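Pasting start-v7.cif here (mmCIF, C-alpha atoms):
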data_run
loop_
_atom_site.label_atom_id
_atom_site.label_comp_id
_atom_site.auth_asym_id
_atom_site.auth_seq_id
_atom_site.Cartn_x
_atom_site.Cartn_y
_atom_site.Cartn_z
CA LYS A 4 -12.62 7.01 26.44
CA ASN A 5 -10.92 7.54 23.09
CA GLU A 6 -7.18 7.65 22.96
CA VAL A 7 -7.44 10.75 20.76
CA GLU A 8 -9.89 13.59 21.35
CA GLN A 9 -10.47 16.44 18.93
CA SER A 10 -12.29 19.71 19.31
CA PRO A 11 -14.40 21.21 18.02
CA GLN A 12 -16.42 18.52 16.24
CA ASN A 13 -17.87 21.05 13.82
CA LEU A 14 -16.59 24.46 12.87
CA THR A 15 -18.01 27.10 10.56
CA ALA A 16 -15.89 30.10 9.65
CA GLN A 17 -16.05 33.10 7.34
CA GLU A 18 -13.54 33.24 4.55
CA GLY A 19 -10.34 34.86 5.77
CA GLU A 20 -10.71 33.84 9.40
CA PHE A 21 -7.93 32.22 11.41
CA ILE A 22 -8.91 28.68 12.41
CA THR A 23 -7.64 26.44 15.17
CA ILE A 24 -8.41 22.77 15.64
CA ASN A 25 -7.22 21.02 18.78
CA CYS A 26 -6.16 17.45 19.50
CA SER A 27 -5.38 15.79 22.83
CA TYR A 28 -4.13 12.26 23.25
CA SER A 29 -3.65 9.94 26.18
CA VAL A 30 -1.10 7.39 24.96
CA GLY A 31 2.64 7.51 24.43
CA ILE A 32 3.30 8.33 20.81
CA SER A 33 6.08 8.19 18.29
CA ALA A 34 4.38 10.69 15.99
CA LEU A 35 1.19 12.67 15.49
CA HIS A 36 -0.42 13.14 12.09
CA TRP A 37 -2.90 15.66 10.79
CA LEU A 38 -5.01 14.35 7.92
CA GLN A 39 -7.51 16.00 5.59
CA GLN A 40 -10.53 14.27 4.10
CA HIS A 41 -12.88 15.92 1.61
CA PRO A 42 -16.48 14.66 1.40
CA GLY A 43 -16.52 11.33 -0.39
CA GLY A 44 -12.81 11.67 -0.94
CA GLY A 45 -9.57 10.11 0.01
CA ILE A 46 -7.32 11.01 2.89
CA VAL A 47 -4.36 13.31 2.50
CA SER A 48 -1.62 13.49 5.07
CA LEU A 49 -0.93 17.14 5.92
CA PHE A 50 1.69 16.85 8.64
CA MET A 51 3.62 14.31 10.67
CA LEU A 52 5.01 15.73 13.91
CA SER A 53 7.07 14.39 16.75
CA SER A 54 8.02 17.75 18.26
CA GLY A 55 7.78 21.49 17.77
CA LYS A 56 6.08 23.10 14.83
CA LYS A 57 5.70 22.65 11.08
CA LYS A 58 4.37 25.04 8.44
CA HIS A 59 3.14 24.36 4.95
CA GLY A 60 1.59 27.26 3.10
CA ARG A 61 -1.33 28.55 5.18
CA LEU A 62 -1.27 25.53 7.47
CA ILE A 63 0.65 25.37 10.72
CA ALA A 64 0.80 22.41 13.09
CA THR A 65 2.23 22.44 16.59
CA ILE A 66 2.71 19.77 19.21
CA ASN A 67 3.44 19.90 22.94
CA ILE A 68 4.71 16.47 23.97
CA GLN A 69 4.60 17.21 27.71
CA GLU A 70 0.96 18.31 27.56
CA LYS A 71 0.02 15.66 24.96
CA HIS A 72 -1.63 18.27 22.82
CA SER A 73 -1.45 19.41 19.22
CA SER A 74 -3.09 22.19 17.26
CA LEU A 75 -3.71 22.69 13.57
CA HIS A 76 -4.02 26.31 12.46
CA ILE A 77 -5.27 27.60 9.12
CA THR A 78 -4.52 31.21 8.32
CA ALA A 79 -6.62 33.24 5.86
CA SER A 80 -9.13 30.41 5.50
CA HIS A 81 -10.72 29.75 2.12
CA PRO A 82 -13.83 27.77 1.07
CA ARG A 83 -11.58 25.14 -0.48
CA ASP A 84 -10.29 24.40 3.04
CA SER A 85 -13.73 22.95 3.84
CA ALA A 86 -13.08 19.33 4.78
CA VAL A 87 -12.81 17.00 7.73
CA TYR A 88 -9.52 17.30 9.59
CA ILE A 89 -8.42 14.23 11.48
CA CYS A 90 -5.78 13.90 14.16
CA ALA A 91 -4.05 10.53 14.40
CA VAL A 92 -1.27 9.21 16.60
CA SER A 93 1.10 6.31 16.15
CA GLN A 94 2.24 4.69 19.35
CA ASN A 95 5.68 4.01 20.72
CA THR A 96 4.73 0.36 20.84
CA GLY A 97 2.46 -1.47 18.48
CA ASN A 98 1.80 -0.79 14.87
CA GLN A 99 -1.52 0.89 14.61
CA PHE A 100 -2.78 4.42 14.51
CA TYR A 101 -5.43 5.85 16.78
CA PHE A 102 -7.69 8.41 15.17
CA GLY A 103 -9.74 11.28 16.45
CA THR A 104 -13.31 11.47 15.20
CA GLY A 105 -12.46 14.47 13.07
CA THR A 106 -13.38 18.14 12.89
CA SER A 107 -15.73 19.08 10.10
CA LEU A 108 -14.76 22.53 8.84
CA THR A 109 -16.96 24.66 6.61
CA VAL A 110 -15.58 27.95 5.33
CA ILE A 111 -18.25 30.29 4.00
CA PRO A 112 -17.40 32.75 1.23
CA ASN B 14 5.32 7.55 -8.31
CA ALA B 15 1.60 6.85 -8.40
CA GLY B 16 1.06 6.77 -4.64
CA VAL B 17 -1.05 4.19 -2.87
CA MET B 18 -3.53 2.73 -5.35
CA GLN B 19 -6.77 1.22 -4.20
CA ASN B 20 -9.33 -0.44 -6.39
CA PRO B 21 -12.09 -0.47 -7.00
CA ARG B 22 -13.09 3.01 -5.81
CA HIS B 23 -16.69 1.89 -5.39
CA LEU B 24 -17.95 -1.65 -4.91
CA VAL B 25 -21.53 -2.81 -4.61
CA ARG B 26 -22.25 -6.30 -3.34
CA ARG B 27 -25.42 -8.15 -2.42
CA ARG B 28 -25.72 -9.69 1.01
CA GLY B 29 -23.92 -13.00 1.11
CA GLN B 30 -21.47 -12.23 -1.70
CA GLU B 31 -17.73 -11.82 -1.32
CA ALA B 32 -15.92 -8.49 -1.52
CA ARG B 33 -12.26 -8.19 -2.53
CA LEU B 34 -10.51 -4.89 -2.00
CA ARG B 35 -7.06 -4.30 -3.45
CA CYS B 36 -4.25 -2.06 -2.33
CA SER B 37 -0.99 -1.47 -4.15
CA PRO B 38 1.47 0.32 -1.86
CA MET B 39 3.77 3.08 -2.95
CA LYS B 40 6.95 1.96 -4.64
CA GLY B 41 9.51 1.13 -2.00
CA HIS B 42 6.94 0.70 0.77
CA SER B 43 6.94 -2.69 2.43
CA HIS B 44 4.27 -2.10 5.09
CA VAL B 45 0.54 -1.99 4.47
CA TYR B 46 -2.24 -1.00 6.86
CA TRP B 47 -5.98 -1.36 6.41
CA TYR B 48 -8.52 0.91 8.11
CA ARG B 49 -12.31 1.01 8.09
CA GLN B 50 -14.45 4.12 8.31
CA LEU B 51 -18.06 3.35 9.14
CA PRO B 52 -20.69 5.99 8.28
CA GLU B 53 -20.58 8.86 10.76
CA GLU B 54 -17.67 7.25 12.62
CA GLY B 55 -13.93 7.73 12.70
CA LEU B 56 -11.27 5.56 11.16
CA LYS B 57 -10.49 2.29 12.92
CA PHE B 58 -7.40 0.15 12.50
CA MET B 59 -7.98 -3.31 11.07
CA VAL B 60 -4.71 -4.99 10.15
CA TYR B 61 -1.00 -4.35 9.55
CA LEU B 62 0.92 -6.46 7.08
CA GLN B 63 4.38 -6.81 5.65
CA LYS B 64 5.15 -8.94 2.62
CA GLU B 65 3.85 -12.47 3.29
CA ASN B 66 3.30 -11.68 6.99
CA ILE B 67 0.42 -10.47 9.09
CA ILE B 68 2.03 -8.43 11.85
CA ASP B 69 -1.01 -7.18 13.76
CA GLU B 70 -4.63 -8.12 13.06
CA SER B 71 -6.06 -6.99 16.38
CA GLY B 72 -8.63 -4.78 14.65
CA MET B 73 -10.00 -7.42 12.31
CA PRO B 74 -13.43 -8.88 12.98
CA LYS B 75 -13.03 -12.51 14.04
CA GLU B 76 -15.13 -13.94 11.24
CA ARG B 77 -15.52 -13.35 7.50
CA PHE B 78 -12.61 -10.90 7.21
CA SER B 79 -9.12 -11.80 6.05
CA ALA B 80 -6.13 -9.96 4.62
CA GLU B 81 -3.00 -10.89 2.77
CA PHE B 82 0.02 -9.19 1.26
CA PRO B 83 1.70 -11.69 -1.04
CA LYS B 84 5.27 -11.58 -2.24
CA GLU B 85 4.04 -10.39 -5.63
CA GLY B 86 1.00 -8.25 -6.24
CA PRO B 87 -1.27 -6.04 -4.16
CA SER B 88 -2.54 -6.49 -0.65
CA ILE B 89 -6.05 -7.91 -0.58
CA LEU B 90 -8.72 -7.37 2.05
CA ARG B 91 -11.35 -10.06 1.66
CA ILE B 92 -14.80 -10.00 3.20
CA GLN B 93 -16.84 -13.17 2.84
CA GLN B 94 -20.63 -13.34 3.05
CA VAL B 95 -21.00 -9.59 3.31
CA VAL B 96 -23.75 -8.06 5.44
CA ARG B 97 -25.23 -4.56 5.41
CA GLY B 98 -23.10 -3.59 8.40
CA ASP B 99 -19.96 -4.08 6.30
CA SER B 100 -20.91 -1.02 4.22
CA ALA B 101 -18.11 1.44 4.86
CA ALA B 102 -15.09 3.14 3.36
CA TYR B 103 -11.99 0.97 3.55
CA PHE B 104 -8.67 2.79 3.42
CA CYS B 105 -5.25 1.36 2.87
CA ALA B 106 -2.02 3.08 3.83
CA SER B 107 1.57 2.16 3.22
CA SER B 108 4.92 3.11 4.65
CA PRO B 109 8.55 2.15 4.35
CA LEU B 110 10.38 0.57 7.26
CA GLY B 111 10.45 3.18 10.03
CA GLY B 112 7.11 4.74 9.19
CA ALA B 113 8.20 8.05 7.67
CA GLY B 114 6.30 8.82 4.48
CA TYR B 115 3.11 7.16 5.65
CA THR B 116 0.65 7.57 2.77
CA PHE B 117 -3.05 6.84 2.44
CA GLY B 118 -4.91 5.57 -0.59
CA SER B 119 -8.17 7.10 -1.82
CA GLY B 120 -10.24 4.32 -0.32
CA THR B 121 -12.80 1.80 -1.52
CA ARG B 122 -16.42 2.53 -0.71
CA LEU B 123 -18.26 -0.73 -0.19
CA THR B 124 -22.03 -0.74 -0.32
CA VAL B 125 -23.90 -3.90 0.58
CA VAL B 126 -27.45 -4.05 -0.75
#

Please express what this file holds, its structure, as structure tokens.
Amino acid sequence: KNEVEQSPQNLTAQEGEFITINCSYSVGISALHWLQQHPGGGIVSLFMLSSGKKKHGRLIATINIQEKHSSLHITASHPRDSAVYICAVSQNTGNQFYFGTGTSLTVIP
Amino acid sequence: NAGVMQNPRHLVRRRGQEARLRCSPMKGHSHVYWYRQLPEEGLKFMVYLQKENIIDESGMPKERFSAEFPKEGPSILRIQQVVRGDSAAYFCASSPLGGAGYTFGSGTRLTVV
């Protein structure tokens, strides 16, 4: 079983739709990260969370530490949001990240 | 601040050759992490280094792979006698002490032919 599980694996949305991607984890963490990867591209860190909620433009990330769950929301989605979104956690102990397998998002005009 | 710089962006090697991947961390970052992304798979941790020290190499294959982060210069991930299964995207990330500001590089895509 993976330490980090994401859902859905694939998501297709119409432009303008509200999108939610979910992440559950099973280990104690010091922080949770949401990352964005475009096809053939590098990885961009969108958010680092240890509690509560963060907002950046049309992106909102929330985390519930008790339930070990985080969500990434995209409001008013746009085709340029099409990418793979990856949830990653850094543990309380140890130095590595654990990654979800990613959610591939396609936003259709 | 140029961010985390990885080079080359693309690297093609024949089976049996050596591959050297470089990572220059962000200015002020003393911690470097290497990750591998195999085709159709998620990112996997390989190794965590500080200057002149390997802190955690639990994700490194036991043979052919090595990493260093010298006092001067970039971190190097070295793969000896490459095989087709080494074809992947290799990402480097860096952070300052404490982990805030964790930043990824653009990756090196290694193709073994």

Within 9 Å of chain A, which residues of chain B show up? Give each one with its shortest atom-to-atom distance in Å (one decimal) and the two atoms involved, counting all atoms listed in the file, rows by chain then rising residue number, as a tab-separated table.
residue	atom	partner	partner_atom	distance
B:Tyr46	CA	A:Gln99	CA	8.0
B:Glu53	CA	A:Thr104	CA	8.9
B:Glu54	CA	A:Thr104	CA	6.6
B:Gly55	CA	A:Thr104	CA	4.5
B:Leu56	CA	A:Phe102	CA	6.1
B:Lys57	CA	A:Phe102	CA	7.1
B:Phe58	CA	A:Gln99	CA	6.3
B:Met59	CA	A:Gln99	CA	8.5
B:Val60	CA	A:Gln99	CA	8.0
B:Tyr61	CA	A:Asn98	CA	7.0
B:Ile68	CA	A:Asn98	CA	8.2
B:Asp69	CA	A:Asn98	CA	7.1
B:Phe104	CA	A:Gly45	CA	8.1
B:Ala113	CA	A:Met51	CA	8.3
B:Gly114	CA	A:Met51	CA	8.7
B:Tyr115	CA	A:Ser48	CA	7.9
B:Thr116	CA	A:Ser48	CA	6.7
B:Phe117	CA	A:Ile46	CA	6.0
B:Gly118	CA	A:Gly45	CA	6.5
B:Ser119	CA	A:Gly45	CA	3.8
B:Gly120	CA	A:Gly45	CA	5.8
B:Arg122	CA	A:Gly43	CA	8.8

Would you list the contacts of A:Lys71 as a list in words, taking every protein, DNA or RNA residue within 8 Å and counting all atoms listed in the file, but skipping same-chain residues closer than 6 positions in sequence?
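Surrounding residues, per the criterion: Ser27, Tyr28 and Ser29 of chain A.
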
Chain and number of each residue from the PyMOL selection byres ((chain B and resi 87) around 12), as a PyMOL selection string
chain B and resi 17-20+33-40+42-45+62-65+80-86+88-90+105+107

Taking the file as shown, find all residues satisfying the PyMOL selection byres ((chain A and resi 79-88) around 10) and write them as a PyMOL selection string.
chain A and resi 9+12-22+24+37-42+44+46-49+61-62+75-78+89-91+103-112

Between atom CA of B:Gln94 and atom CA of B:Thr121, measure the distance and give it in Å to one decimal.
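The value is 17.6 Å.
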
Would you list the contacts of A:Gly55 as a ChimeraX atom specification, taking every protein, DNA or RNA residue within 12 Å and counting only C-alpha atoms, but skipping same-chain residues closer than 4 positions in sequence?
/A:34-35,50-51,63-69,72-74

Rank B:Tyr48, B:Gly72, B:Leu110, B:Val95 by their smallest atom-to-atom distance to B:Arg26, using all atoms listed in the file, and report the top residue only.
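For B:Arg26, the nearest of the candidates is B:Val95.
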
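What the PyMOL selection byres ((chain B and resi 101) around 9) picks from this file is Arg49, Gln50, Leu51, Pro52, Gly98, Asp99, Ser100, Ala102, Tyr103, Thr121, Arg122, Leu123, Thr124 and Val125 of chain B.
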